[in-house]
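Novice: Okay, handing you the structure first.
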Amino acid sequence: TPLPLRARMVMPVLPPLLVCAALAVDAAIDRARTSRASWHLPVAIVVGLAIIAPAARAMIVLATRPQPETAAFMHVRAEARDPTRQIVLVCNYRRCPSVANFHFGFEVPSHVTITDAVDFARRPKPEGALVRALVNTNRARDLDHVHRKIDALQLPTLVRHHYLRLYDAGDGTQLWQALQ
């Protein structure tokens, strides 16, 4: 059975391919300079646009796409400005603490606890903390059942996007009981 072709498997081929492409473009430019044909300039323009247009489109999409996860973490960061308030962020995916670390500038305040739903349910219910529940269906393929439990609670929504929601879980009692 042949191995599946993945994008990373093509990476060793890219350097020689780029060298060959550069040599071919250089030869085409030299041929166009020495030739008297009038069709070389329009062909060069079309080829240039065919190369530039997809890259420009990709950059525009990256710059203008919605960033709901950033908005959700900005909301939590704004609440974390008060150092006297204990905040627990419960996520429905296991990599949430590392993702949150990035959104907090690699300095998560000591009064903010970030945990996944499984660990939250295993620990004693937090007392006196403000609990937020972050549901990201794109990242939570391994804990698919958890986001259904959280969504079923119908908690007040702070940030909503088609694949991400940040809920106000109050003191966390209802959420903790649902995840048991």
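Numbering starts fresh at 1 for the residues of each chain in the structure tokens, the chains themselves are lettered A, B, ... in the order given, and ligands are numbered from 1 as they appear.
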Using DSSP on the backbone coordinates, identify all residues within region 72-172 of chain A classified as alpha helix (DSSP H); present the result as an MDAnalysis selection string.

Specialist: chainID A and resid 72:79 96:103 117:122 144:152

Novice: Which of region 26-156 of chain A end up as strand (DSSP E) when DSSP is run on this backbone - answer as a VMD selection string?

Specialist: chain A and resid 87 to 91 112 to 116 130 to 136

Novice: Taking a cut-off of 12 Å and counting only C-alpha atoms, can you build a table that, for each residue of region 155-179 of chain A near region 102-125 of chain A, reports the nearest atom pair and how far apart they are in Å (one decimal), sorted by chain then residue number, as JSON lines?

Specialist:
```
{"residue": "A:Asp171", "atom": "CA", "partner": "A:Lys125", "partner_atom": "CA", "distance": 9.0}
{"residue": "A:Gly172", "atom": "CA", "partner": "A:Lys125", "partner_atom": "CA", "distance": 7.2}
{"residue": "A:Thr173", "atom": "CA", "partner": "A:Lys125", "partner_atom": "CA", "distance": 6.9}
{"residue": "A:Gln174", "atom": "CA", "partner": "A:Lys125", "partner_atom": "CA", "distance": 10.0}
{"residue": "A:Leu175", "atom": "CA", "partner": "A:Ala121", "partner_atom": "CA", "distance": 8.7}
{"residue": "A:Trp176", "atom": "CA", "partner": "A:Ala121", "partner_atom": "CA", "distance": 5.7}
{"residue": "A:Gln177", "atom": "CA", "partner": "A:Ala121", "partner_atom": "CA", "distance": 7.8}
{"residue": "A:Ala178", "atom": "CA", "partner": "A:Ala121", "partner_atom": "CA", "distance": 8.6}
{"residue": "A:Leu179", "atom": "CA", "partner": "A:Ala121", "partner_atom": "CA", "distance": 5.6}
```

Novice: Residues near Ile87 (chain A), anyone? I mean within 6 Å using only C-alpha atoms, not counting same-chain ones fewer than 3 positions away, as a ChimeraX atom specification.

Specialist: /A:112,129-131

Novice: Using N, CA and C atoms, can you write the selected residues to a file as an mmCIF file, in the first residue's frame?

Specialist:
```
data_model
loop_
_atom_site.group_PDB
_atom_site.id
_atom_site.type_symbol
_atom_site.label_atom_id
_atom_site.label_comp_id
_atom_site.auth_asym_id
_atom_site.auth_seq_id
_atom_site.Cartn_x
_atom_site.Cartn_y
_atom_site.Cartn_z
ATOM 1 N N VAL A 112 -5.928 33.820 36.899
ATOM 2 C CA VAL A 112 -6.687 33.239 35.786
ATOM 3 C C VAL A 112 -6.270 31.770 35.643
ATOM 4 N N ALA A 129 -15.188 32.027 42.098
ATOM 5 C CA ALA A 129 -14.544 32.381 40.833
ATOM 6 C C ALA A 129 -15.597 32.711 39.780
ATOM 7 N N LEU A 130 -15.208 33.549 38.872
ATOM 8 C CA LEU A 130 -16.024 33.859 37.702
ATOM 9 C C LEU A 130 -15.649 32.838 36.633
ATOM 10 N N VAL A 131 -16.614 32.056 36.174
ATOM 11 C CA VAL A 131 -16.323 30.965 35.238
ATOM 12 C C VAL A 131 -16.830 31.344 33.847
#
```

Novice: Please compute the CA of Thr70 (chain A)-CA of Arg94 (chain A) distance, one decimal, in Å.

Specialist: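 These atoms are spaced 17.5 Å apart.
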
Novice: Would you mind reading off the distance between CA of Pro15 (chain A) and CA of Leu41 (chain A), one decimal, in Å?

Specialist: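 Straight-line distance from CA of Pro15 (chain A) to CA of Leu41 (chain A) works out to 28.2 Å.
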